[in-house]
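Have a look at coords.cif; it's mmCIF, C-alpha atoms:
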data_start
loop_
_atom_site.group_PDB
_atom_site.id
_atom_site.type_symbol
_atom_site.label_atom_id
_atom_site.label_comp_id
_atom_site.auth_asym_id
_atom_site.auth_seq_id
_atom_site.Cartn_x
_atom_site.Cartn_y
_atom_site.Cartn_z
ATOM 1 C CA MET A 1 -62.025 208.983 -16.016
ATOM 2 C CA SER A 2 -63.751 205.672 -15.359
ATOM 3 C CA ARG A 3 -62.720 202.353 -16.888
ATOM 4 C CA GLU A 4 -64.777 199.351 -17.948
ATOM 5 C CA ARG A 5 -65.215 197.162 -14.921
ATOM 6 C CA THR A 6 -65.008 193.397 -14.669
ATOM 7 C CA LEU A 7 -68.401 191.903 -13.820
ATOM 8 C CA VAL A 8 -68.264 189.622 -10.768
ATOM 9 C CA SER A 9 -71.192 187.458 -9.721
ATOM 10 C CA ILE A 10 -70.934 185.971 -6.237
ATOM 11 C CA ILE A 11 -73.320 183.046 -6.377
ATOM 12 C CA VAL A 12 -75.226 182.421 -3.152
ATOM 13 C CA PHE A 13 -76.665 179.064 -2.118
ATOM 14 C CA PRO A 14 -78.694 178.646 1.095
ATOM 15 C CA GLU A 15 -75.871 176.304 2.183
ATOM 16 C CA CYS A 16 -73.365 179.207 2.166
ATOM 17 C CA ASP A 17 -72.030 180.789 5.328
ATOM 18 C CA PRO A 18 -71.880 184.591 5.225
ATOM 19 C CA SER A 19 -68.250 185.354 6.112
ATOM 20 C CA ILE A 20 -66.730 184.535 2.720
ATOM 21 C CA ILE A 21 -69.659 186.092 0.834
ATOM 22 C CA TYR A 22 -69.225 189.452 2.544
ATOM 23 C CA GLY A 23 -65.433 189.269 2.697
ATOM 24 C CA VAL A 24 -65.084 188.698 -1.038
ATOM 25 C CA PHE A 25 -67.772 191.257 -1.855
ATOM 26 C CA ASP A 26 -66.092 194.007 0.188
ATOM 27 C CA THR A 27 -62.570 193.180 -1.008
ATOM 28 C CA LEU A 28 -63.491 193.251 -4.700
ATOM 29 C CA TRP A 29 -65.902 196.193 -4.399
ATOM 30 C CA PHE A 30 -63.135 198.390 -2.920
ATOM 31 C CA ALA A 31 -60.380 197.257 -5.340
ATOM 32 C CA GLY A 32 -59.122 200.204 -7.384
ATOM 33 C CA ALA A 33 -61.255 202.762 -5.553
ATOM 34 C CA LYS A 34 -59.531 205.792 -4.089
ATOM 35 C CA TRP A 35 -60.218 207.346 -0.697
ATOM 36 C CA GLU A 36 -60.298 211.113 -1.144
ATOM 37 C CA GLY A 37 -60.400 212.233 2.470
ATOM 38 C CA GLY A 38 -63.380 214.462 3.184
ATOM 39 C CA LYS A 39 -64.780 213.864 -0.316
ATOM 40 C CA GLY A 40 -65.360 210.185 0.366
ATOM 41 C CA LEU A 41 -64.665 207.214 -1.859
ATOM 42 C CA ASN A 42 -64.062 207.685 -5.582
ATOM 43 C CA ARG A 43 -64.953 204.497 -7.483
ATOM 44 C CA ASP A 44 -64.179 205.902 -10.944
ATOM 45 C CA GLN A 45 -61.206 203.546 -11.198
ATOM 46 C CA ALA A 46 -62.834 200.638 -9.348
ATOM 47 C CA LEU A 47 -61.896 197.331 -10.957
ATOM 48 C CA PHE A 48 -65.115 195.415 -10.413
ATOM 49 C CA ASP A 49 -68.884 195.612 -10.459
ATOM 50 C CA VAL A 50 -69.828 193.018 -7.855
ATOM 51 C CA GLN A 51 -73.227 191.586 -7.097
ATOM 52 C CA LEU A 52 -74.687 188.813 -5.005
ATOM 53 C CA VAL A 53 -76.674 186.424 -7.192
ATOM 54 C CA SER A 54 -79.244 183.806 -6.189
ATOM 55 C CA ALA A 55 -81.791 181.565 -7.883
ATOM 56 C CA GLU A 56 -84.817 183.595 -6.827
ATOM 57 C CA PRO A 57 -85.475 187.191 -5.772
ATOM 58 C CA GLY A 58 -85.973 188.263 -2.193
ATOM 59 C CA PRO A 59 -84.339 187.499 1.130
ATOM 60 C CA LEU A 60 -82.359 184.282 1.441
ATOM 61 C CA GLN A 61 -81.667 182.584 4.757
ATOM 62 C CA LEU A 62 -78.211 181.003 4.898
ATOM 63 C CA CYS A 63 -77.272 177.865 6.814
ATOM 64 C CA THR A 64 -76.089 179.930 9.809
ATOM 65 C CA GLY A 65 -79.485 181.613 10.146
ATOM 66 C CA VAL A 66 -78.261 184.926 8.685
ATOM 67 C CA THR A 67 -80.595 186.399 6.074
ATOM 68 C CA ILE A 68 -79.205 188.301 3.101
ATOM 69 C CA VAL A 69 -80.857 189.986 0.137
ATOM 70 C CA PRO A 70 -79.087 189.152 -3.127
ATOM 71 C CA GLN A 71 -78.980 191.949 -5.676
ATOM 72 C CA ALA A 72 -79.801 189.854 -8.744
ATOM 73 C CA THR A 73 -81.048 186.465 -9.818
ATOM 74 C CA ILE A 74 -79.562 184.114 -12.378
ATOM 75 C CA ALA A 75 -82.445 185.072 -14.694
ATOM 76 C CA ASP A 76 -81.170 188.675 -14.636
ATOM 77 C CA ILE A 77 -77.637 187.833 -15.765
ATOM 78 C CA ALA A 78 -76.979 186.611 -19.293
ATOM 79 C CA ARG A 79 -73.227 187.227 -19.074
ATOM 80 C CA THR A 80 -70.608 187.765 -16.397
ATOM 81 C CA ASP A 81 -66.815 187.817 -16.405
ATOM 82 C CA VAL A 82 -66.291 186.074 -13.068
ATOM 83 C CA VAL A 83 -68.357 183.672 -10.985
ATOM 84 C CA PHE A 84 -67.173 183.460 -7.384
ATOM 85 C CA VAL A 85 -68.487 180.463 -5.444
ATOM 86 C CA PRO A 86 -68.250 180.876 -1.648
ATOM 87 C CA ASN A 87 -68.061 178.019 0.811
ATOM 88 C CA VAL A 88 -71.052 175.711 1.065
ATOM 89 C CA MET A 89 -71.604 173.671 4.209
ATOM 90 C CA ILE A 90 -71.750 170.085 2.973
ATOM 91 C CA TYR A 91 -71.762 166.956 5.146
ATOM 92 C CA SER A 92 -72.871 164.133 2.858
ATOM 93 C CA GLY A 93 -73.586 163.036 -0.671
ATOM 94 C CA GLU A 94 -77.250 163.795 0.005
ATOM 95 C CA ASP A 95 -76.299 167.409 0.767
ATOM 96 C CA LEU A 96 -74.530 167.595 -2.577
ATOM 97 C CA ARG A 97 -77.547 166.276 -4.468
ATOM 98 C CA ALA A 98 -79.703 168.845 -2.639
ATOM 99 C CA LEU A 99 -77.741 171.805 -4.073
ATOM 100 C CA ASP A 100 -79.941 173.979 -6.296
ATOM 101 C CA ARG A 101 -79.554 172.579 -9.835
ATOM 102 C CA ARG A 102 -80.606 175.907 -11.329
ATOM 103 C CA LEU A 103 -77.520 177.529 -9.816
ATOM 104 C CA LEU A 104 -75.252 174.655 -10.886
ATOM 105 C CA ASP A 105 -76.542 174.847 -14.468
ATOM 106 C CA TRP A 106 -76.148 178.632 -14.544
ATOM 107 C CA ILE A 107 -72.528 178.385 -13.376
ATOM 108 C CA ALA A 108 -71.824 175.854 -16.145
ATOM 109 C CA ARG A 109 -73.508 178.119 -18.734
ATOM 110 C CA MET A 110 -71.502 181.153 -17.631
ATOM 111 C CA HIS A 111 -68.275 179.154 -17.842
ATOM 112 C CA ALA A 112 -69.218 177.959 -21.336
ATOM 113 C CA LYS A 113 -69.668 181.624 -22.286
ATOM 114 C CA GLY A 114 -66.156 182.449 -21.051
ATOM 115 C CA ALA A 115 -66.598 183.352 -17.388
ATOM 116 C CA HIS A 116 -63.745 182.403 -15.088
ATOM 117 C CA LEU A 117 -64.726 180.452 -11.992
ATOM 118 C CA TYR A 118 -63.277 180.935 -8.505
ATOM 119 C CA ALA A 119 -64.297 178.621 -5.673
ATOM 120 C CA ALA A 120 -63.478 179.098 -1.999
ATOM 121 C CA CYS A 121 -63.272 176.194 0.449
ATOM 122 C CA GLY A 122 -66.356 173.979 -0.023
ATOM 123 C CA GLY A 123 -67.221 175.918 -3.172
ATOM 124 C CA SER A 124 -65.105 173.286 -4.948
ATOM 125 C CA PHE A 125 -67.979 170.861 -4.250
ATOM 126 C CA VAL A 126 -70.265 173.127 -6.281
ATOM 127 C CA LEU A 127 -67.944 173.091 -9.294
ATOM 128 C CA ALA A 128 -67.492 169.320 -9.048
ATOM 129 C CA GLU A 129 -71.231 168.733 -8.710
ATOM 130 C CA ALA A 130 -71.773 170.917 -11.790
ATOM 131 C CA GLY A 131 -69.425 168.591 -13.703
ATOM 132 C CA LEU A 132 -66.810 171.290 -14.228
ATOM 133 C CA LEU A 133 -63.915 169.528 -12.486
ATOM 134 C CA ASN A 134 -64.106 166.163 -14.254
ATOM 135 C CA GLY A 135 -60.550 165.096 -15.053
ATOM 136 C CA GLN A 136 -59.221 168.297 -13.471
ATOM 137 C CA GLN A 137 -57.325 169.220 -10.320
ATOM 138 C CA ALA A 138 -58.839 171.000 -7.324
ATOM 139 C CA THR A 139 -58.377 171.814 -3.676
ATOM 140 C CA THR A 140 -60.760 172.309 -0.780
ATOM 141 C CA HIS A 141 -60.807 172.453 2.999
ATOM 142 C CA LEU A 142 -58.821 169.620 4.567
ATOM 143 C CA GLY A 143 -61.894 168.482 6.480
ATOM 144 C CA TYR A 144 -63.864 168.106 3.243
ATOM 145 C CA ALA A 145 -61.198 165.971 1.537
ATOM 146 C CA PRO A 146 -62.568 162.483 2.441
ATOM 147 C CA LEU A 147 -66.095 163.296 1.229
ATOM 148 C CA PHE A 148 -64.749 165.047 -1.871
ATOM 149 C CA ARG A 149 -62.612 162.031 -2.818
ATOM 150 C CA GLN A 150 -65.521 159.672 -2.207
ATOM 151 C CA GLU A 151 -67.936 161.673 -4.356
ATOM 152 C CA TYR A 152 -65.556 162.813 -7.124
ATOM 153 C CA PRO A 153 -62.894 160.143 -7.667
ATOM 154 C CA ASN A 154 -62.153 161.508 -11.148
ATOM 155 C CA VAL A 155 -60.939 164.850 -9.700
ATOM 156 C CA GLU A 156 -57.300 165.039 -8.596
ATOM 157 C CA LEU A 157 -57.575 166.631 -5.158
ATOM 158 C CA HIS A 158 -54.642 168.535 -3.618
ATOM 159 C CA GLU A 159 -55.940 169.451 -0.163
ATOM 160 C CA ASP A 160 -52.375 170.363 0.843
ATOM 161 C CA ARG A 161 -52.355 173.333 -1.572
ATOM 162 C CA ILE A 162 -53.900 176.750 -0.988
ATOM 163 C CA LEU A 163 -54.642 177.500 -4.653
ATOM 164 C CA VAL A 164 -55.139 175.128 -7.577
ATOM 165 C CA GLN A 165 -55.758 176.181 -11.177
ATOM 166 C CA ALA A 166 -57.692 174.008 -13.621
ATOM 167 C CA GLY A 167 -59.618 174.164 -16.855
ATOM 168 C CA ARG A 168 -58.667 175.472 -20.264
ATOM 169 C CA GLY A 169 -56.526 178.580 -19.853
ATOM 170 C CA HIS A 170 -56.658 178.128 -16.085
ATOM 171 C CA SER A 171 -60.217 179.429 -16.155
ATOM 172 C CA ILE A 172 -61.068 177.625 -12.895
ATOM 173 C CA LEU A 173 -59.357 178.313 -9.576
ATOM 174 C CA CYS A 174 -60.088 176.690 -6.238
ATOM 175 C CA CYS A 175 -58.718 177.607 -2.832
ATOM 176 C CA GLY A 176 -58.469 175.646 0.398
ATOM 177 C CA GLY A 177 -60.208 176.303 3.657
ATOM 178 C CA ALA A 178 -60.297 178.938 6.383
ATOM 179 C CA SER A 179 -59.040 182.336 5.239
ATOM 180 C CA SER A 180 -57.501 181.221 1.929
ATOM 181 C CA TRP A 181 -60.387 183.026 0.191
ATOM 182 C CA GLN A 182 -58.283 186.136 0.850
ATOM 183 C CA ASP A 183 -55.480 184.716 -1.286
ATOM 184 C CA LEU A 184 -58.001 183.943 -3.998
ATOM 185 C CA ALA A 185 -59.495 187.459 -3.878
ATOM 186 C CA LEU A 186 -56.017 189.008 -4.135
ATOM 187 C CA LEU A 187 -55.273 186.777 -7.110
ATOM 188 C CA VAL A 188 -58.461 188.007 -8.801
ATOM 189 C CA ILE A 189 -57.427 191.627 -8.177
ATOM 190 C CA ALA A 190 -53.928 190.997 -9.574
ATOM 191 C CA LYS A 191 -55.331 189.221 -12.625
ATOM 192 C CA TYR A 192 -57.922 191.813 -13.581
ATOM 193 C CA GLY A 193 -56.124 194.899 -12.295
ATOM 194 C CA SER A 194 -52.494 194.888 -11.389
ATOM 195 C CA THR A 195 -50.230 194.405 -8.427
ATOM 196 C CA GLN A 196 -49.382 198.123 -8.584
ATOM 197 C CA ARG A 197 -52.808 199.628 -7.843
#
Spit out the file's structure as structure tokens when you get a sec.
Amino acid sequence: MSRERTLVSIIVFPECDPSIIYGVFDTLWFAGAKWEGGKGLNRDQALFDVQLVSAEPGPLQLCTGVTIVPQATIADIARTDVVFVPNVMIYSGEDLRALDRRLLDWIARMHAKGAHLYAACGGSFVLAEAGLLNGQQATTHLGYAPLFRQEYPNVELHEDRILVQAGRGHSILCCGGASSWQDLALLVIAKYGSTQR
């Protein structure tokens, strides 16, 4: 018997690198599924419906030169339970201002409708640029800390922490750099499923 799945939208900017996008997608897509030997994978009890979401349809070239094809656009999604923001490669304030405003606005709209936001590494820049971390706490990759502090002085940055919760009801979570997205993905699974499955 299948259960209602949590809707997860992994938002994809051209500034994203692919490793976190695919790592989070695969981790959440498999959560709750059961391997049945020769019968294959049974997703009846899968916890999540996961899709890659971009501003426009069609192939999208990422900053590393890898091209991906998102499964939906922001125009296709009026509601989602979770927005996962992967790392974005940011080097300056100009890079921040160049982020696609349509995606930033959509993330803010989804949060206003009740979606929880999870940002990995430089994804914290996206939430800050969207105005969602004003007066809040956050974390990011240690190497991003100086630029983050310069651009968002009203955000209390804890680059020494792996996970930081913020927002009403802890509806926003940020994780640090490198492989801490794995900690964040496991937290999402525990929150929406259980630690037993």
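Ranking A:Val12, A:Ser179, A:Phe148, A:Tyr192 by their shortest atom-to-atom distance to Ile107 in chain A, with only C-alpha atoms included, puts A:Val12 first.
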Excluding His158 in chain A and any residue of its chain fewer than 6 positions from it, enumerate the residues within 10 Å of it, using all atoms listed in the file, and give them as a count of residues only. 10
Around (-69.5, 188.0, -3.7), as given in the file, which residues come within 7 Å? Count only C-alpha atoms and list them as a ChimeraX atom specification. /A:9-11,21-22,24-25,50-52,84
Residues within 10 Å of Lys113 in chain A, all atoms listed in the file, excluding chain neighbours under 4 positions, as a VMD selection string: chain A and resid 78 to 81 107 to 109
Considering only C-alpha atoms, state which residue in the set A:Pro70, A:Gly38, A:Gln165, A:Leu133 is at the smallest distance from Pro153 in chain A. A:Leu133
Counting only C-alpha atoms, which residue out of A:Gly32, A:Pro18, A:Gly135, A:Gly177 sits closest to Asp49 in chain A? A:Gly32
Which residues, written as a list in words, have at least one atom at most 10 Å from Ala75 in chain A, with only C-alpha atoms counted and residues fewer than 5 positions away on the same chain left out? Val53, Ser54, Ala55, Glu56, Pro57, Arg102 and Trp106 of chain A
Keeping only C-alpha atoms, take the residues you just selected and write them out as a CSV table (one decimal), in the coordinates of the input.
chain,number,residue,atom,x,y,z
A,53,VAL,CA,-76.7,186.4,-7.2
A,54,SER,CA,-79.2,183.8,-6.2
A,55,ALA,CA,-81.8,181.6,-7.9
A,56,GLU,CA,-84.8,183.6,-6.8
A,57,PRO,CA,-85.5,187.2,-5.8
A,102,ARG,CA,-80.6,175.9,-11.3
A,106,TRP,CA,-76.1,178.6,-14.5
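Our summary of the geometry notes that CA of Val8 in chain A is positioned 11.4 Å from CA of Ala185 in chain A.
Counting from CA of Arg161 in chain A, the distance to CA of Ala178 in chain A is 12.6 Å.
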For Glu94 in chain A, please output as number ranges by chain all residues within 12 Å (counting all atoms listed in the file; exclusion window: fewer than 3 positions along the same chain). A: 90-91, 97-99, 129, 147, 151
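Closest approach to Leu28 in chain A among A:Ser124, A:Gln71, A:Thr6, A:Asn134 is made by A:Thr6 (distances from all atoms listed in the file).
Among the candidate residues A:Cys16, A:Ala112, A:Met89, A:Leu47, the one lying nearest to Ile68 in chain A is A:Cys16, with distances computed using all atoms listed in the file.
Relative to CA of Arg101 in chain A, CA of Gly58 in chain A is found at 18.6 Å.
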Written as a PyMOL selection string, what is the full residue list that the PyMOL selection byres ((chain A and resi 88) around 9) yields on the file shown? chain A and resi 12-17+63+85-87+89-90+120-126
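Within the file as shown, the PyMOL selection byres ((chain A and resi 191) around 12) identifies Thr6, Ala31, Leu47, Phe48, Val82, His116, His170, Ser171, Leu184, Ala185, Leu186, Leu187, Val188, Ile189, Ala190, Tyr192, Gly193, Ser194, Thr195, Gln196 and Arg197 of chain A.
For the residues A:Asp183, A:Asp76, A:Glu36, A:Asp105, ranking by smallest atom-to-atom distance to Tyr118 in chain A using only C-alpha atoms places A:Asp183 first.
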